[in-house]
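Colleague: Provided herewith: upload.txt, compact mmCIF, C-alpha atoms.
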# COMPACT_ATOMS: atom_id res chain seq x y z
CA MET A 643 108.03 -16.62 -25.86
CA PRO A 644 106.89 -14.54 -28.84
CA ALA A 645 108.55 -11.16 -29.38
CA TYR A 646 106.82 -8.27 -27.66
CA SER A 647 104.46 -6.48 -30.01
CA PRO A 648 102.59 -3.34 -28.98
CA ASP A 649 98.91 -2.97 -29.74
CA PRO A 650 98.55 -0.19 -32.33
CA ASN A 651 95.14 0.64 -30.90
CA ASP A 652 96.86 1.84 -27.76
CA LEU A 653 98.66 4.64 -29.59
CA ALA A 654 95.85 7.16 -29.21
CA LEU A 655 96.69 10.38 -27.42
CA LYS A 656 94.23 11.81 -24.92
CA PRO A 657 94.65 15.57 -24.53
CA VAL A 658 94.82 16.63 -20.88
CA GLY A 659 94.25 20.31 -21.56
CA THR A 660 94.37 23.12 -24.09
CA VAL A 661 96.53 26.15 -24.82
CA VAL A 662 94.70 29.48 -24.48
CA SER A 663 96.83 32.13 -26.18
CA GLU A 664 96.53 35.34 -28.14
CA LEU A 665 98.48 33.56 -30.90
CA THR A 666 95.84 32.34 -33.33
CA ASP A 667 97.64 32.39 -36.66
CA LEU A 668 100.71 30.39 -37.65
CA LYS A 669 102.21 33.41 -39.41
CA ASP A 670 102.30 35.34 -36.12
CA ALA A 671 103.91 32.57 -34.07
CA PRO A 672 107.61 32.79 -33.29
CA ARG A 673 109.65 29.74 -34.22
CA GLN A 674 110.61 29.01 -30.62
CA GLY A 675 109.21 30.16 -27.30
CA ASP A 676 112.25 32.26 -26.41
CA GLU A 677 111.98 34.21 -29.66
CA GLY A 678 109.17 36.54 -28.63
CA ALA A 679 106.23 34.35 -27.54
CA PRO A 680 103.59 35.96 -25.32
CA GLU A 681 102.41 34.55 -22.00
CA ALA A 682 99.70 31.94 -22.40
CA TRP A 683 97.42 29.75 -20.29
CA LEU A 684 97.41 25.99 -20.06
CA VAL A 685 93.87 25.01 -19.13
CA PHE A 686 93.68 21.46 -17.80
CA ASP A 687 90.82 19.00 -17.64
CA GLU A 688 89.29 18.20 -14.26
CA THR A 689 90.34 14.57 -14.72
CA VAL A 690 94.04 15.42 -14.32
CA ARG A 691 93.71 17.69 -11.27
CA PRO A 692 95.77 15.26 -9.10
CA ALA A 693 98.55 15.25 -11.70
CA LEU A 694 99.06 19.01 -11.20
CA GLN A 695 99.88 18.70 -7.48
CA GLY A 696 103.41 19.82 -6.73
CA LEU A 697 103.86 22.26 -9.60
CA THR A 698 105.23 25.59 -8.36
CA GLU A 699 105.19 29.17 -9.60
CA GLY A 700 108.56 30.32 -10.90
CA SER A 701 109.72 26.87 -11.97
CA ASP A 702 110.77 25.86 -15.47
CA VAL A 703 108.95 22.86 -16.94
CA LEU A 704 108.60 21.08 -20.27
CA VAL A 705 105.20 21.21 -21.97
CA LEU A 706 104.35 18.59 -24.58
CA THR A 707 101.68 19.55 -27.07
CA TRP A 708 100.10 18.11 -30.22
CA LEU A 709 100.84 20.50 -33.09
CA ASP A 710 97.57 19.68 -34.74
CA ARG A 711 97.91 22.10 -37.66
CA SER A 712 101.04 20.34 -38.93
CA ASP A 713 101.56 18.37 -42.13
CA ARG A 714 102.41 14.84 -41.03
CA SER A 715 103.51 13.76 -44.52
CA VAL A 716 106.61 15.99 -44.49
CA THR A 717 109.98 14.26 -43.96
CA ALA A 718 112.43 16.99 -45.08
CA VAL A 719 112.39 20.80 -44.89
CA HIS A 720 114.51 23.88 -45.35
CA PRO A 721 115.50 24.70 -41.75
CA ARG A 722 113.42 27.58 -40.36
CA GLY A 723 111.76 27.90 -43.79
CA ASP A 724 114.93 29.51 -45.17
CA THR A 725 115.21 28.29 -48.78
CA SER A 726 118.86 29.41 -48.90
CA ARG A 727 119.63 26.59 -46.47
CA PRO A 728 119.79 23.03 -47.84
CA ARG A 729 116.90 20.70 -47.08
CA ALA A 730 117.37 18.58 -43.97
CA GLY A 731 115.49 15.57 -42.62
CA VAL A 732 112.89 16.71 -40.13
CA PHE A 733 114.52 14.66 -37.35
CA SER A 734 117.43 17.16 -37.53
CA THR A 735 115.07 20.13 -37.17
CA ARG A 736 112.33 21.45 -34.89
CA SER A 737 109.91 21.77 -37.83
CA PRO A 738 106.28 21.34 -36.70
CA ASP A 739 105.73 19.37 -39.93
CA ARG A 740 106.84 15.81 -39.08
CA PRO A 741 105.30 12.32 -38.80
CA ASN A 742 104.33 12.74 -35.12
CA PRO A 743 103.99 16.49 -34.50
CA ILE A 744 104.66 16.54 -30.78
CA GLY A 745 105.66 20.03 -29.62
CA LEU A 746 108.29 20.26 -26.89
CA HIS A 747 108.39 23.62 -25.13
CA GLN A 748 110.46 24.79 -22.18
CA VAL A 749 108.38 27.35 -20.30
CA THR A 750 108.38 29.18 -16.97
CA ILE A 751 105.30 28.92 -14.76
CA THR A 752 104.24 32.44 -13.75
CA SER A 753 101.03 31.62 -11.88
CA ILE A 754 98.78 28.71 -10.95
CA GLU A 755 95.02 29.12 -10.50
CA GLU A 756 93.48 25.70 -9.86
CA LEU A 757 93.30 24.03 -13.29
CA ARG A 758 94.79 27.03 -15.12
CA ILE A 759 98.54 27.50 -15.32
CA ARG A 760 100.04 30.63 -16.81
CA VAL A 761 103.36 30.21 -18.60
CA ARG A 762 105.99 32.38 -20.26
CA ASN A 763 107.69 31.47 -23.57
CA LEU A 764 105.07 29.27 -25.23
CA GLU A 765 104.88 29.64 -29.01
CA ALA A 766 101.99 27.16 -29.48
CA LEU A 767 98.79 28.47 -31.06
CA ASP A 768 95.47 28.99 -29.28
CA GLY A 769 93.55 25.71 -29.13
CA THR A 770 96.60 23.45 -29.31
CA PRO A 771 96.01 20.24 -27.31
CA VAL A 772 98.27 19.76 -24.28
CA LEU A 773 99.57 16.22 -23.79
CA ASP A 774 101.92 16.29 -20.82
CA LEU A 775 104.06 18.32 -18.44
CA LYS A 776 107.47 17.09 -17.31
CA PRO A 777 110.08 18.52 -14.95
CA LEU A 778 113.52 19.32 -16.27
CA LEU A 779 116.02 16.70 -15.16
CA GLY A 780 118.47 18.03 -12.60
CA PRO A 781 121.62 16.32 -11.35
CA THR A 782 121.14 12.61 -10.59
CA ASP A 783 121.23 13.10 -6.80
CA GLU A 784 118.37 15.61 -6.86
CA ARG A 785 115.81 13.52 -8.78
CA MET B 961 84.11 32.35 -36.83
CA PRO B 962 83.65 29.33 -34.56
CA ALA B 963 86.41 28.54 -32.07
CA TYR B 964 89.08 26.26 -33.40
CA SER B 965 88.41 22.64 -32.42
CA PRO B 966 90.85 19.84 -33.24
CA ASP B 967 89.59 16.56 -34.65
CA PRO B 968 90.14 13.89 -31.99
CA ASN B 969 90.55 11.30 -34.72
CA ASP B 970 93.79 13.00 -35.69
CA LEU B 971 95.40 12.22 -32.34
CA ALA B 972 96.71 8.81 -33.37
CA LEU B 973 100.45 8.28 -33.14
CA LYS B 974 102.23 6.45 -35.94
CA PRO B 975 105.45 4.83 -34.72
CA VAL B 976 108.39 5.60 -37.00
CA GLY B 977 110.64 2.90 -35.58
CA THR B 978 111.37 0.59 -32.68
CA VAL B 979 113.90 0.32 -29.86
CA VAL B 980 116.10 -2.79 -30.05
CA SER B 981 117.77 -3.20 -26.67
CA GLU B 982 119.02 -5.85 -24.31
CA LEU B 983 116.65 -4.32 -21.73
CA THR B 984 113.55 -6.49 -21.84
CA ASP B 985 112.23 -6.26 -18.30
CA LEU B 986 111.05 -3.13 -16.45
CA LYS B 987 112.81 -4.28 -13.28
CA ASP B 988 116.20 -4.15 -15.05
CA ALA B 989 115.73 -0.71 -16.58
CA PRO B 990 117.45 2.26 -14.96
CA ARG B 991 115.19 5.21 -14.13
CA GLN B 992 117.01 7.53 -16.52
CA GLY B 993 119.36 6.94 -19.42
CA ASP B 994 122.38 8.42 -17.62
CA GLU B 995 121.93 6.04 -14.69
CA GLY B 996 123.44 2.95 -16.29
CA ALA B 997 121.52 2.28 -19.52
CA PRO B 998 123.24 0.10 -22.16
CA GLU B 999 123.71 1.11 -25.79
CA ALA B 1000 120.67 0.35 -27.92
CA TRP B 1001 119.52 0.54 -31.53
CA LEU B 1002 116.78 2.68 -32.97
CA VAL B 1003 115.50 0.82 -36.03
CA PHE B 1004 113.49 3.09 -38.32
CA ASP B 1005 110.85 2.34 -40.91
CA GLU B 1006 111.73 2.73 -44.58
CA THR B 1007 109.01 5.38 -44.86
CA VAL B 1008 111.00 7.88 -42.76
CA ARG B 1009 114.38 7.40 -44.45
CA PRO B 1010 114.40 11.04 -45.72
CA ALA B 1011 113.73 12.30 -42.19
CA LEU B 1012 117.03 10.79 -41.00
CA GLN B 1013 119.17 12.82 -43.41
CA GLY B 1014 121.52 15.15 -41.58
CA LEU B 1015 121.87 13.18 -38.35
CA THR B 1016 125.52 12.80 -37.36
CA GLU B 1017 127.53 10.37 -35.26
CA GLY B 1018 128.68 11.86 -31.97
CA SER B 1019 125.79 14.30 -31.68
CA ASP B 1020 123.32 14.47 -28.80
CA VAL B 1021 119.64 14.26 -29.75
CA LEU B 1022 116.27 13.86 -28.06
CA VAL B 1023 114.38 10.62 -28.69
CA LEU B 1024 110.63 10.55 -28.10
CA THR B 1025 109.13 7.13 -27.45
CA TRP B 1026 105.76 5.68 -26.48
CA LEU B 1027 106.15 3.96 -23.11
CA ASP B 1028 103.62 1.34 -24.02
CA ARG B 1029 103.88 -0.70 -20.85
CA SER B 1030 102.75 2.23 -18.70
CA ASP B 1031 99.58 2.64 -16.67
CA ARG B 1032 97.77 5.62 -18.18
CA SER B 1033 95.27 5.87 -15.32
CA VAL B 1034 97.92 7.01 -12.82
CA THR B 1035 97.91 10.71 -11.86
CA ALA B 1036 100.09 10.70 -8.69
CA VAL B 1037 103.08 8.62 -7.58
CA HIS B 1038 105.81 8.39 -4.99
CA PRO B 1039 108.79 9.91 -6.85
CA ARG B 1040 111.16 7.21 -8.12
CA GLY B 1041 108.95 4.61 -6.41
CA ASP B 1042 110.34 5.67 -3.02
CA THR B 1043 107.42 5.32 -0.57
CA SER B 1044 109.30 7.44 1.98
CA ARG B 1045 108.76 10.41 -0.34
CA PRO B 1046 105.31 12.04 -0.41
CA ARG B 1047 103.11 11.38 -3.42
CA ALA B 1048 103.40 13.96 -6.17
CA GLY B 1049 101.32 14.65 -9.26
CA VAL B 1050 102.84 12.86 -12.24
CA PHE B 1051 103.37 16.18 -14.06
CA SER B 1052 106.04 16.97 -11.42
CA THR B 1053 107.80 13.65 -12.04
CA ARG B 1054 109.28 11.60 -14.87
CA SER B 1055 107.11 8.59 -13.96
CA PRO B 1056 106.36 6.43 -17.03
CA ASP B 1057 102.85 6.00 -15.59
CA ARG B 1058 100.94 9.11 -16.77
CA PRO B 1059 97.99 9.95 -19.04
CA ASN B 1060 100.12 10.22 -22.21
CA PRO B 1061 103.23 8.10 -21.60
CA ILE B 1062 105.61 9.84 -23.98
CA GLY B 1063 109.21 9.05 -23.11
CA LEU B 1064 111.75 11.85 -23.55
CA HIS B 1065 115.35 10.67 -23.70
CA GLN B 1066 118.56 12.60 -24.32
CA VAL B 1067 120.96 10.21 -26.04
CA THR B 1068 124.25 10.32 -27.92
CA ILE B 1069 124.42 8.85 -31.44
CA THR B 1070 127.37 6.44 -31.60
CA SER B 1071 126.85 5.08 -35.13
CA ILE B 1072 124.49 5.29 -38.09
CA GLU B 1073 123.91 2.34 -40.43
CA GLU B 1074 121.21 3.29 -42.94
CA LEU B 1075 117.93 2.90 -41.04
CA ARG B 1076 119.63 1.75 -37.81
CA ILE B 1077 120.97 4.30 -35.36
CA ARG B 1078 122.97 3.20 -32.33
CA VAL B 1079 122.62 5.39 -29.24
CA ARG B 1080 124.12 5.63 -25.77
CA ASN B 1081 122.02 6.31 -22.63
CA LEU B 1082 118.61 4.97 -23.64
CA GLU B 1083 116.68 3.35 -20.78
CA ALA B 1084 113.64 2.36 -22.92
CA LEU B 1085 112.76 -1.33 -23.14
CA ASP B 1086 113.19 -3.55 -26.18
CA GLY B 1087 110.21 -3.16 -28.50
CA THR B 1088 109.30 0.36 -27.38
CA PRO B 1089 107.82 2.35 -30.29
CA VAL B 1090 109.87 5.36 -31.42
CA LEU B 1091 107.84 8.49 -32.23
CA ASP B 1092 110.29 11.23 -33.09
CA LEU B 1093 113.86 12.54 -32.96
CA LYS B 1094 114.59 16.21 -32.27
CA PRO B 1095 117.81 18.20 -32.06
CA LEU B 1096 118.69 19.93 -28.82
CA LEU B 1097 118.10 23.66 -29.10
CA GLY B 1098 121.32 25.66 -29.18
CA PRO B 1099 121.66 29.44 -28.87
CA THR B 1100 119.14 31.35 -30.98
CA ASP B 1101 121.72 32.42 -33.58
CA GLU B 1102 122.70 28.82 -34.36
CA ARG B 1103 119.24 27.39 -35.08
Give the structure from this file in structure tokens form.

Modeller:
Amino acid sequence: MPAYSPDPNDLALKPVGTVVSELTDLKDAPRQGDEGAPEAWLVFDETVRPALQGLTEGSDVLVLTWLDRSDRSVTAVHPRGDTSRPRAGVFSTRSPDRPNPIGLHQVTITSIEELRIRVRNLEALDGTPVLDLKPLLGPTDER
Amino acid sequence: MPAYSPDPNDLALKPVGTVVSELTDLKDAPRQGDEGAPEAWLVFDETVRPALQGLTEGSDVLVLTWLDRSDRSVTAVHPRGDTSRPRAGVFSTRSPDRPNPIGLHQVTITSIEELRIRVRNLEALDGTPVLDLKPLLGPTDER
């Protein structure tokens, strides 16, 4: 049997929603969501309405986004842009500039209005495509 | 100024490496890495060698993969495949079947050999494309 080989044409992301936020400029965005990010909306497409069932206000979830204003050619950076710190490979940092700029954000859901979910602690910019939501993993016997 | 609108052609993932694991069949894979996954290798492409600088043996990191054997049309599932549990939207579950099947795995690095990184607790199948590595986020004053 030949070795398994994925089809590169299948590696296309399909955004399921969009961030609506007062953050519109990279220079105003905090480096992480718990460093002063405002509340923001996640506005989902009608096509994923069934996927939203079961989300609850007050819960903490992971949001995956596509940091579409990133430089995908970057492989090493000064952590947090601080040139006094030695350059590190991007896989050791949370730099948005990286080969696949997937943003990973832990947020708290503050309200749910049909296809619109309001969240606390999201540092992504207005217009950022939303890829996925995932629950945090609790203890193995509560999954 | 017109509203910001991302270019959908930019939403193509470029794998940076591949999982090499003894897990070759979905039916043998545990549901999460801490539920009995074997050690596995992450084999990276030469092009991202600089991005690996700074990773250390013994550290815990997040691996992002593309769960390429998933069904992207699924929006609701019985959690953990247990039909006695009510169906839930996939955004409330860690189901690999979801619109953008990005796998998120917390693993421990056990050894580093140039472009090959051995990790503990990875439930992804052999041949799964690797998208990204990210550090866990510590307290704000240690980032």

Colleague: Would you mind listing what lies within 12 Å of Glu1017 in chain B as a VMD selection string, with all atoms listed in the file counted and same-chain residues fewer than 5 positions away left out?

Modeller: chain B and resid 1012 1067 to 1073 1076 to 1080

Colleague: Is there a way to get, as a list in words, all residues within 6 Å of the point (109.4, 14.5, -35.2) in file coordinates, counting all atoms listed in the file?

Modeller: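 Every polymer residue passing the test: Phe733, Arg740, Pro741, Asn742 and Pro743 of chain A; Asp1092 and Leu1093 of chain B.
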
Colleague: Could I get the residues of chain B with an atom no further than 7 Å from an atom of chain A, each paired with its nearest atom pair and that distance in Å to one decimal, using all atoms listed in the file, sorted by chain and residue number, as JSON lines?

Modeller:
{"residue": "B:Tyr964", "atom": "CA", "partner": "A:Gly769", "partner_atom": "CA", "distance": 6.2}
{"residue": "B:Ser965", "atom": "CA", "partner": "A:Gly769", "partner_atom": "CA", "distance": 6.8}
{"residue": "B:Pro966", "atom": "CA", "partner": "A:Asp710", "partner_atom": "CA", "distance": 6.9}
{"residue": "B:Leu971", "atom": "CA", "partner": "A:Leu655", "partner_atom": "CA", "distance": 5.4}
{"residue": "B:Ala972", "atom": "CA", "partner": "A:Ala654", "partner_atom": "CA", "distance": 4.6}
{"residue": "B:Leu973", "atom": "CA", "partner": "A:Leu653", "partner_atom": "CA", "distance": 5.4}
{"residue": "B:Lys974", "atom": "CA", "partner": "A:Asn742", "partner_atom": "CA", "distance": 6.7}
{"residue": "B:Val1008", "atom": "CA", "partner": "A:Thr717", "partner_atom": "CA", "distance": 6.6}
{"residue": "B:Pro1010", "atom": "CA", "partner": "A:Gly731", "partner_atom": "CA", "distance": 5.6}
{"residue": "B:Ala1011", "atom": "CA", "partner": "A:Gly731", "partner_atom": "CA", "distance": 3.7}
{"residue": "B:Leu1012", "atom": "CA", "partner": "A:Gly731", "partner_atom": "CA", "distance": 5.3}
{"residue": "B:Gln1013", "atom": "CA", "partner": "A:Gly731", "partner_atom": "CA", "distance": 4.7}
{"residue": "B:Gly1014", "atom": "CA", "partner": "A:Ala730", "partner_atom": "CA", "distance": 5.9}
{"residue": "B:Leu1015", "atom": "CA", "partner": "A:Ser734", "partner_atom": "CA", "distance": 6.0}
{"residue": "B:Asp1028", "atom": "CA", "partner": "A:Pro648", "partner_atom": "CA", "distance": 6.9}
{"residue": "B:Thr1035", "atom": "CA", "partner": "A:Ala693", "partner_atom": "CA", "distance": 4.6}
{"residue": "B:Ala1036", "atom": "CA", "partner": "A:Ala693", "partner_atom": "CA", "distance": 5.7}
{"residue": "B:Ala1048", "atom": "CA", "partner": "A:Gly696", "partner_atom": "CA", "distance": 5.9}
{"residue": "B:Gly1049", "atom": "CA", "partner": "A:Ala693", "partner_atom": "CA", "distance": 3.7}
{"residue": "B:Val1050", "atom": "CA", "partner": "A:Ala693", "partner_atom": "CA", "distance": 4.9}
{"residue": "B:Phe1051", "atom": "CA", "partner": "A:Leu775", "partner_atom": "CA", "distance": 4.9}
{"residue": "B:Ser1052", "atom": "CA", "partner": "A:Pro777", "partner_atom": "CA", "distance": 5.6}
{"residue": "B:Thr1053", "atom": "CA", "partner": "A:Pro777", "partner_atom": "CA", "distance": 6.1}
{"residue": "B:Arg1054", "atom": "CA", "partner": "A:Lys776", "partner_atom": "CA", "distance": 6.3}
{"residue": "B:Asn1060", "atom": "CA", "partner": "A:Leu773", "partner_atom": "CA", "distance": 6.2}
{"residue": "B:Gly1087", "atom": "CA", "partner": "A:Tyr646", "partner_atom": "CA", "distance": 6.2}
{"residue": "B:Leu1091", "atom": "CA", "partner": "A:Asn742", "partner_atom": "CA", "distance": 6.2}
{"residue": "B:Asp1092", "atom": "CA", "partner": "A:Asn742", "partner_atom": "CA", "distance": 6.5}
{"residue": "B:Leu1093", "atom": "CA", "partner": "A:Phe733", "partner_atom": "CA", "distance": 4.9}
{"residue": "B:Lys1094", "atom": "CA", "partner": "A:Phe733", "partner_atom": "CA", "distance": 5.3}
{"residue": "B:Pro1095", "atom": "CA", "partner": "A:Ser734", "partner_atom": "CA", "distance": 5.6}

Colleague: Rounded to one decimal, what separation in Å do you get between CA of Glu688 in chain A and CA of Thr660 in chain A?

Modeller: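 According to the coordinates, CA of Glu688 in chain A and CA of Thr660 in chain A are separated by 12.1 Å.
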
Colleague: Relative to chain B, what is the Cα RMSD of chain A after a least-squares superposition using every Cα atom paired in order?

Modeller: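 The optimal C-alpha superposition leaves an RMSD of 0.0 Å.
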
Colleague: Just the number, please: distance in Å from CA of Glu664 in chain A to CA of Leu757 in chain A, one decimal.

Modeller: 18.9 Å

Colleague: Any idea what the distance is between CA of Val685 in chain A and CA of Gly659 in chain A?

Modeller: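 Atom-to-atom, CA of Val685 in chain A to CA of Gly659 in chain A, that is 5.3 Å.
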
Colleague: Please determine, counting all atoms listed in the file, which residue among B:His1038, B:Asp1057, B:Ser1044, B:Val980 has the shortest atom-to-atom distance to Trp1001 in chain B.

Modeller: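 Residue with the minimum atom-to-atom distance to Trp1001 in chain B: B:Val980.
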
Colleague: Please identify all polymer residues lying at most 6 Å from the point (106.4, 31.4, -27.9) (file coordinates), using all atoms listed in the file, and present the result as number ranges by chain.

Modeller: A: 672, 674-675, 678-680, 763-765

Colleague: Got a moment to write range 1020-1043 of chain B out with N, CA, C and O atoms, as a short mmCIF file (atom, residue, chain, number, x, y, z; two decimals), in the first residue's frame?

Modeller:
data_model
loop_
_atom_site.label_atom_id
_atom_site.label_comp_id
_atom_site.auth_asym_id
_atom_site.auth_seq_id
_atom_site.Cartn_x
_atom_site.Cartn_y
_atom_site.Cartn_z
N ASP B 1020 6.64 21.84 27.29
CA ASP B 1020 5.31 21.58 26.74
C ASP B 1020 5.00 22.64 25.69
O ASP B 1020 5.21 23.83 25.93
N VAL B 1021 4.49 22.21 24.54
CA VAL B 1021 4.15 23.14 23.47
C VAL B 1021 2.80 22.73 22.88
O VAL B 1021 2.31 21.62 23.11
N LEU B 1022 2.22 23.64 22.11
CA LEU B 1022 1.01 23.33 21.35
C LEU B 1022 1.40 23.03 19.92
O LEU B 1022 2.17 23.77 19.31
N VAL B 1023 0.88 21.93 19.39
CA VAL B 1023 1.06 21.59 17.98
C VAL B 1023 -0.27 21.80 17.28
O VAL B 1023 -1.32 21.35 17.77
N LEU B 1024 -0.24 22.50 16.16
CA LEU B 1024 -1.43 22.65 15.33
C LEU B 1024 -1.25 21.78 14.09
O LEU B 1024 -0.21 21.85 13.42
N THR B 1025 -2.24 20.96 13.82
CA THR B 1025 -2.19 20.07 12.65
C THR B 1025 -3.43 20.29 11.79
O THR B 1025 -4.38 20.96 12.19
N TRP B 1026 -3.40 19.69 10.60
CA TRP B 1026 -4.56 19.70 9.71
C TRP B 1026 -5.09 18.26 9.67
O TRP B 1026 -4.41 17.37 9.15
N LEU B 1027 -6.26 18.08 10.27
CA LEU B 1027 -6.82 16.73 10.41
C LEU B 1027 -7.48 16.35 9.09
O LEU B 1027 -8.69 16.44 8.90
N ASP B 1028 -6.61 15.92 8.17
CA ASP B 1028 -6.99 15.84 6.76
C ASP B 1028 -7.90 14.68 6.44
O ASP B 1028 -8.36 14.58 5.31
N ARG B 1029 -8.17 13.82 7.39
CA ARG B 1029 -9.11 12.73 7.12
C ARG B 1029 -10.48 13.02 7.75
O ARG B 1029 -11.28 12.13 8.00
N SER B 1030 -10.74 14.30 8.00
CA SER B 1030 -12.00 14.71 8.63
C SER B 1030 -13.07 15.00 7.59
O SER B 1030 -12.77 15.26 6.42
N ASP B 1031 -14.31 15.00 8.06
CA ASP B 1031 -15.45 15.37 7.22
C ASP B 1031 -15.81 16.82 7.53
O ASP B 1031 -16.34 17.13 8.60
N ARG B 1032 -15.52 17.70 6.58
CA ARG B 1032 -15.69 19.14 6.82
C ARG B 1032 -17.14 19.59 6.70
O ARG B 1032 -17.44 20.76 6.97
N SER B 1033 -18.03 18.69 6.30
CA SER B 1033 -19.44 19.08 6.16
C SER B 1033 -20.22 18.91 7.47
O SER B 1033 -21.38 19.30 7.55
N VAL B 1034 -19.58 18.34 8.48
CA VAL B 1034 -20.27 18.03 9.74
C VAL B 1034 -20.35 19.28 10.62
O VAL B 1034 -19.34 19.95 10.83
N THR B 1035 -21.56 19.58 11.14
CA THR B 1035 -21.71 20.73 12.04
C THR B 1035 -22.20 20.32 13.42
O THR B 1035 -22.15 21.12 14.36
N ALA B 1036 -22.70 19.08 13.60
CA ALA B 1036 -23.14 18.62 14.91
C ALA B 1036 -22.82 17.14 15.05
O ALA B 1036 -22.87 16.38 14.07
N VAL B 1037 -22.49 16.72 16.26
CA VAL B 1037 -22.08 15.33 16.52
C VAL B 1037 -22.57 14.90 17.91
O VAL B 1037 -22.86 15.74 18.77
N HIS B 1038 -22.59 13.59 18.12
CA HIS B 1038 -22.71 13.07 19.48
C HIS B 1038 -21.33 13.15 20.11
O HIS B 1038 -20.37 12.58 19.57
N PRO B 1039 -21.17 13.87 21.23
CA PRO B 1039 -19.84 14.02 21.82
C PRO B 1039 -19.14 12.68 22.03
O PRO B 1039 -19.75 11.73 22.52
N ARG B 1040 -17.90 12.61 21.62
CA ARG B 1040 -17.05 11.43 21.71
C ARG B 1040 -17.68 10.21 21.04
O ARG B 1040 -17.37 9.07 21.38
N GLY B 1041 -18.58 10.46 20.08
CA GLY B 1041 -19.20 9.36 19.34
C GLY B 1041 -20.19 8.55 20.16
O GLY B 1041 -20.64 7.49 19.72
N ASP B 1042 -20.55 9.05 21.33
CA ASP B 1042 -21.43 8.33 22.25
C ASP B 1042 -22.88 8.70 21.94
O ASP B 1042 -23.34 9.79 22.27
N THR B 1043 -23.61 7.77 21.28
CA THR B 1043 -24.96 8.10 20.81
C THR B 1043 -25.95 8.24 21.97
O THR B 1043 -27.09 8.66 21.75
#
